[in-house]
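Here the structure is laid out as structure tokens; the discussion comes afterwards.
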Amino acid sequence: MDDSSSSKRTRLIRSVSFVVALSVFWLILFLDISDSFSRFFHDYSFGLFLIVLVLYSLASRLPDRHVAPVLLAGTMVLFALSLSYLWSSGFSDNFIIGGLLPYKDGKNYYFGANLILHGLSPVNAGQSTERPLFPGFLSFVLLLTGHNLKVAIALIAQLAGFSLYLSVQRIRKISGPLTAGLFATFLYFFIQPWIGYSMSEMLGFTLGCFGFTMLWLASNRRDRSDLFLGLVVLMLAVSARAGAFFIFPMLAVWAGWVFRGDRGFSIRTFLLAISVIVAGYLLVNSVYPRLLGIPPGSSFGNFSYALYGQVRGGAGWHSAIEELGTRDPSVVYRAAWQYFLDHPIGLFIGVAKAYRDFFLFGDQSIFPFGEFVWRNWLNILLWMAAAALLVLGLVRSLSEIRQNDSSLLIAGFVGMVLSIPFLPPVDGGARFYASTAPFFYILPALGIRWFQKDQQSARSLNGLVQNDILASRYASIGMILLTLIAPPVLHSLAQEPGYTLPACPAGQASYVMEYHPGSYVDFVKSGSGSCGYVPEVCRNDFENNNVEKATDDFCQFLFKTMATDGACVRLIPAIDYVNDRFHYFYAARDRFPGGIPTGVVSGCAIEILTKNQTIYQVESMSLEEK
């Protein structure tokens, strides 16, 4: 066999193995695995941490021809099992209902995505106005899947897993299997709580991994195109899930140092990097929102609440709304400034608390080791080990700061540390750092190299084959197109469906909404039919696995109403085109013997208001003629 035939055969085997590895994700979801098993893979535990660490480290030691598909398949298994638990348990909390339906913040992103899909502005969709990149991206994924929310959520989870795999591959090629294994484990447990949610953390994490991968390549290859591509993708990441913006000036300084040539510092590269950063910021956070009909100044308006909480001594963002009684950012900014002038010490207290919460063991820590319970001594020991490895990683990187990749890590770490006072963990824990998580977790991962006898050269480029480099580049470019370009184009071409407004009796509201497969949940009475996997959720599972049932009046309404309805009721989150508002449509299936049709439907409903949501209890429903 000649070299050409052998090369083609190798490429074919490689392609097939990658397809098989990606298919494992869907196979696990198709198998309908019991939640009693998948629960173990959804929540953090010390035992699961050790299992994941060992498996990733062992997989990273395999020969090059085997390691890539095995690493990818293993990552797909972990992500799929975590998602499978949500779908098989009916789990519900502040962001999800019945294991699938977006709730509260998640609902606003889904609302915004559906508005974009129909050519409408997401200006009234809460977080969609402040962080429009994720609803824009979600709108494209929904279009791609035929508006099937279940498949769209799975694709987003799989993409996050693929981005984790790519970033781990880069680290393994340069720094060895043990470092790669620990790095992968940290990243997995960071994003694990958000797998299966329609939240911006998923997109921020995915883009952050791609951006980190490109910048890591740029540091080793000294390729300006990789540098600028990495900066653009990272800007998308930090804008999708508002995060550590101070990382960008540090990366610009790093770029000037790395591409200095024979000089001490490259002013040209520094200015080019700054230009890319500024242009990217304006494009993403000024031009992009306007293309979706969002007025100027709406993006990151919630930063005013965080700032107010900080000047109040770390009181948290809710304090602004509770004390000022407004959501107007300009009012909140003025109040924060006035309070700082009167009590400047409050800001320093807030900053100190932010650093404490970020680094120390606890619920808000950057280290993902479970709940803050001092009896969990194994988790405390794990945190202490991780903190020690972080210090060792910093020391090693500082001692090798003249090396490109070490200086990259120092620049990223300093940028994140400078951002902590403006992203206080009290406002949301570590999720603010989803877009820059790889820049942090690589340091404790590298710290473990102090204990390796046969330390692999951190500068070896032998494993950076052209296929790996092209995969990272194409993936990054593809994410830019899907996140930044596709949604405005989709928004400009879309239009609201036509309909005939139905006449309704007094006390009932007319509605017109769009209903699609995989975008609803059926709550089935246990023992009355098949249930146990989304969209058919057993009522007992929904109630037993609902962490908000004691305080959330929306869930309490569902429990109370389902108790008097038949064997199956359906909950559909959708836009009412009559007034472009978002509702949860509640329909008892036994009132519709022929089933509920697919497409644009209209009818009459009784409006029920809860504290945070609006429910339309459907009284009649009919399919709109096309």
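As shown in the structure tokens, the chain order sets the letters A, B, ...; within each chain, residues go from 1, and ligands are also counted from 1 in the order they appear.
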Can you tell me which residues surround Trp317 of chain A at a distance of at most 8 Å, considering only C-alpha atoms, apart from same-chain residues fewer than 6 positions away, and format the answer as a PDB file with C-alpha atoms, in the first residue's frame?
```pdb
ATOM      1  CA  TYR A 305     -26.972  46.737  40.547  1.00  0.00           C
ATOM      2  CA  ALA A 306     -23.686  44.923  41.194  1.00  0.00           C
ATOM      3  CA  LEU A 307     -21.857  48.226  41.665  1.00  0.00           C
ATOM      4  CA  TYR A 308     -24.479  49.448  44.106  1.00  0.00           C
ATOM      5  CA  GLY A 309     -24.179  46.259  46.127  1.00  0.00           C
ATOM      6  CA  ASP A 427     -24.307  38.072  43.100  1.00  0.00           C
TER       7      ASP A 427
END
```
Please report, as CSV, each residue of segment 229-330 of chain A lying at most 8 Å from segment 348-351 of chain A, together with the nearest pair of atoms and the separation in Å rounded to one decimal; use only C-alpha atoms, and order rows by chain and ascending residue number.
```
residue,atom,partner,partner_atom,distance
A:Gly309,CA,A:Gly350,CA,7.7
A:Gln310,CA,A:Gly350,CA,4.7
A:Val311,CA,A:Gly350,CA,6.4
A:Arg312,CA,A:Gly350,CA,7.0
A:Gly313,CA,A:Gly350,CA,4.2
A:Gly314,CA,A:Gly350,CA,3.9
A:Ala315,CA,A:Gly350,CA,7.6
```
Restricted to C-alpha atoms, what would the selected residues look like written as a PDB file, in the first residue's frame?
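Now in out.pdb:
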```
ATOM      1  CA  GLY A 309     -24.179  46.259  46.127  1.00  0.00           C
ATOM      2  CA  GLN A 310     -20.403  46.647  46.259  1.00  0.00           C
ATOM      3  CA  VAL A 311     -20.432  50.235  47.548  1.00  0.00           C
ATOM      4  CA  ARG A 312     -22.928  49.035  50.143  1.00  0.00           C
ATOM      5  CA  GLY A 313     -20.270  46.733  51.555  1.00  0.00           C
ATOM      6  CA  GLY A 314     -20.947  43.684  49.394  1.00  0.00           C
ATOM      7  CA  ALA A 315     -24.704  43.625  50.026  1.00  0.00           C
TER       8      ALA A 315
END
```
*Can you pull out every residue within 12 Å of Leu217 of chain A, counting only C-alpha atoms, but drop anything in the same chain fewer than 4 positions away, and send it as a PyMOL selection string?*
chain A and resi 166-167+169-171+173-174+210-213+221-230+404-405+408+459+461+463-466+468-473
*8 Å contact set for Ser419 of chain A, only C-alpha atoms, chain neighbours under 6 positions out, as number ranges by chain*: A: 243-247
*Do you know which residues are at most 7 Å from Tyr586 of chain A counting only C-alpha atoms, after dropping those on the same chain fewer than 4 positions away, and could you put them as a ChimeraX atom specification?*
/A:570-572,615-618
Output file for the selection above: N, CA and C atoms, as a CSV table (one decimal), in the first residue's frame:
```csv
chain,number,residue,atom,x,y,z
A,570,ARG,N,-50.5,19.3,29.8
A,570,ARG,CA,-49.4,19.7,29.0
A,570,ARG,C,-49.1,21.2,29.3
A,571,LEU,N,-47.8,21.5,29.5
A,571,LEU,CA,-47.3,22.8,29.8
A,571,LEU,C,-46.4,23.2,28.6
A,572,ILE,N,-46.8,24.4,28.0
A,572,ILE,CA,-46.2,24.8,26.8
A,572,ILE,C,-45.7,26.3,27.0
A,615,ILE,N,-49.7,32.5,33.5
A,615,ILE,CA,-50.2,31.2,33.0
A,615,ILE,C,-51.5,31.4,32.3
A,616,TYR,N,-51.6,30.8,31.1
A,616,TYR,CA,-52.8,30.8,30.3
A,616,TYR,C,-53.4,29.4,30.4
A,617,GLN,N,-54.5,29.2,31.2
A,617,GLN,CA,-55.2,27.9,31.3
A,617,GLN,C,-56.1,27.8,30.1
A,618,VAL,N,-55.7,26.9,29.2
A,618,VAL,CA,-56.4,26.8,27.9
A,618,VAL,C,-57.8,26.2,28.1
```
*How many Å separate atom CA of Phe111 of chain A from atom CA of Phe140 of chain A?*
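A separation of 13.4 Å between them.
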*Nearest residue to Val278 of chain A from the set A:Tyr584, A:Phe367, A:Phe248, A:Phe40 (distances using only C-alpha atoms)*: A:Phe248
*Between A:Leu381, A:Leu443, A:Ile267, A:Leu493, single out the one closest to Leu117 of chain A, counting only C-alpha atoms.*
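Between A:Leu381, A:Leu443, A:Ile267, A:Leu493, the residue approaching Leu117 of chain A most closely is A:Leu493.
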*Of the residues A:Val395, A:Leu418, A:Val276, A:Leu71, which is the one nearest to Tyr355 of chain A, using only C-alpha atoms?*
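Distance minimum relative to Tyr355 of chain A lands on A:Leu418.
Shortest atom-to-atom contact with Leu291 of chain A among A:Leu83, A:Val489, A:Ala218, A:Ala320: A:Val489, counting only C-alpha atoms.
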*Nearest to Trp194 of chain A: which of A:Leu558, A:Gly208, A:Trp257, A:Leu86 is it, counting only C-alpha atoms?*
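Closest to Trp194 of chain A of all the choices is A:Leu86.
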_Between A:Glu400, A:Glu624, A:Asp541, A:Glu514, which residue has the minimum interatomic distance to Tyr577 of chain A, considering only C-alpha atoms?_
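With only C-alpha atoms as the atom set, the closest residue is A:Glu514.
The neighbours of Ser365 of chain A here are the residues that come within 9 Å of it, using only C-alpha atoms and leaving out any residue fewer than 3 positions away in the same chain; they are A:Arg356, A:Asp357, A:Phe358, A:Phe359, A:Leu360, A:Phe361, A:Gly362, A:Pro368, A:Phe369, A:Pro425, A:Gly429, A:Ala430.
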Store the residues picked out above, limited to N, CA and C atoms, as a PDB file, in the first residue's frame.
```pdb
ATOM      1  N   ARG A 356     -12.536  37.266  49.067  1.00  0.00           N
ATOM      2  CA  ARG A 356     -12.709  36.173  50.031  1.00  0.00           C
ATOM      3  C   ARG A 356     -13.615  35.088  49.453  1.00  0.00           C
ATOM      4  N   ASP A 357     -14.758  35.494  48.936  1.00  0.00           N
ATOM      5  CA  ASP A 357     -15.724  34.521  48.416  1.00  0.00           C
ATOM      6  C   ASP A 357     -15.182  33.778  47.201  1.00  0.00           C
ATOM      7  N   PHE A 358     -14.384  34.453  46.392  1.00  0.00           N
ATOM      8  CA  PHE A 358     -13.868  33.846  45.165  1.00  0.00           C
ATOM      9  C   PHE A 358     -12.875  32.723  45.473  1.00  0.00           C
ATOM     10  N   PHE A 359     -11.953  32.942  46.389  1.00  0.00           N
ATOM     11  CA  PHE A 359     -10.854  32.002  46.597  1.00  0.00           C
ATOM     12  C   PHE A 359     -11.110  30.995  47.714  1.00  0.00           C
ATOM     13  N   LEU A 360     -11.847  31.373  48.764  1.00  0.00           N
ATOM     14  CA  LEU A 360     -11.988  30.492  49.909  1.00  0.00           C
ATOM     15  C   LEU A 360     -13.047  29.427  49.659  1.00  0.00           C
ATOM     16  N   PHE A 361     -13.010  28.382  50.465  1.00  0.00           N
ATOM     17  CA  PHE A 361     -13.951  27.271  50.354  1.00  0.00           C
ATOM     18  C   PHE A 361     -15.360  27.753  50.692  1.00  0.00           C
ATOM     19  N   GLY A 362     -16.313  27.446  49.838  1.00  0.00           N
ATOM     20  CA  GLY A 362     -17.688  27.850  50.086  1.00  0.00           C
ATOM     21  C   GLY A 362     -18.545  27.729  48.845  1.00  0.00           C
ATOM     22  N   PRO A 368     -15.053  24.113  42.348  1.00  0.00           N
ATOM     23  CA  PRO A 368     -16.382  23.479  42.347  1.00  0.00           C
ATOM     24  C   PRO A 368     -16.462  22.235  43.215  1.00  0.00           C
ATOM     25  N   PHE A 369     -16.420  22.415  44.523  1.00  0.00           N
ATOM     26  CA  PHE A 369     -16.361  21.262  45.407  1.00  0.00           C
ATOM     27  C   PHE A 369     -17.579  21.141  46.312  1.00  0.00           C
ATOM     28  N   PRO A 425     -18.833  37.377  43.723  1.00  0.00           N
ATOM     29  CA  PRO A 425     -19.498  36.065  43.798  1.00  0.00           C
ATOM     30  C   PRO A 425     -20.817  36.090  44.553  1.00  0.00           C
ATOM     31  N   GLY A 429     -22.213  33.611  42.441  1.00  0.00           N
ATOM     32  CA  GLY A 429     -21.209  32.565  42.542  1.00  0.00           C
ATOM     33  C   GLY A 429     -20.161  32.658  41.448  1.00  0.00           C
ATOM     34  N   ALA A 430     -19.648  31.505  41.042  1.00  0.00           N
ATOM     35  CA  ALA A 430     -18.549  31.460  40.077  1.00  0.00           C
ATOM     36  C   ALA A 430     -19.022  31.539  38.638  1.00  0.00           C
TER      37      ALA A 430
END
```
_Computed interatomic separation between atom CA of Val141 of chain A and atom CA of Thr185 of chain A (Å)_ =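 Here the two named atoms are 27.5 Å from each other.
Using only C-alpha atoms, the contacts of Leu29 of chain A at a cut-off of 10 Å, with sequence neighbours closer than 5 positions omitted, comprise Val24, Val77, Ala80, Leu81, Ser82, Leu83, Ser84, Tyr85, Trp87, Ser88, Ala154 and Tyr533 of chain A.
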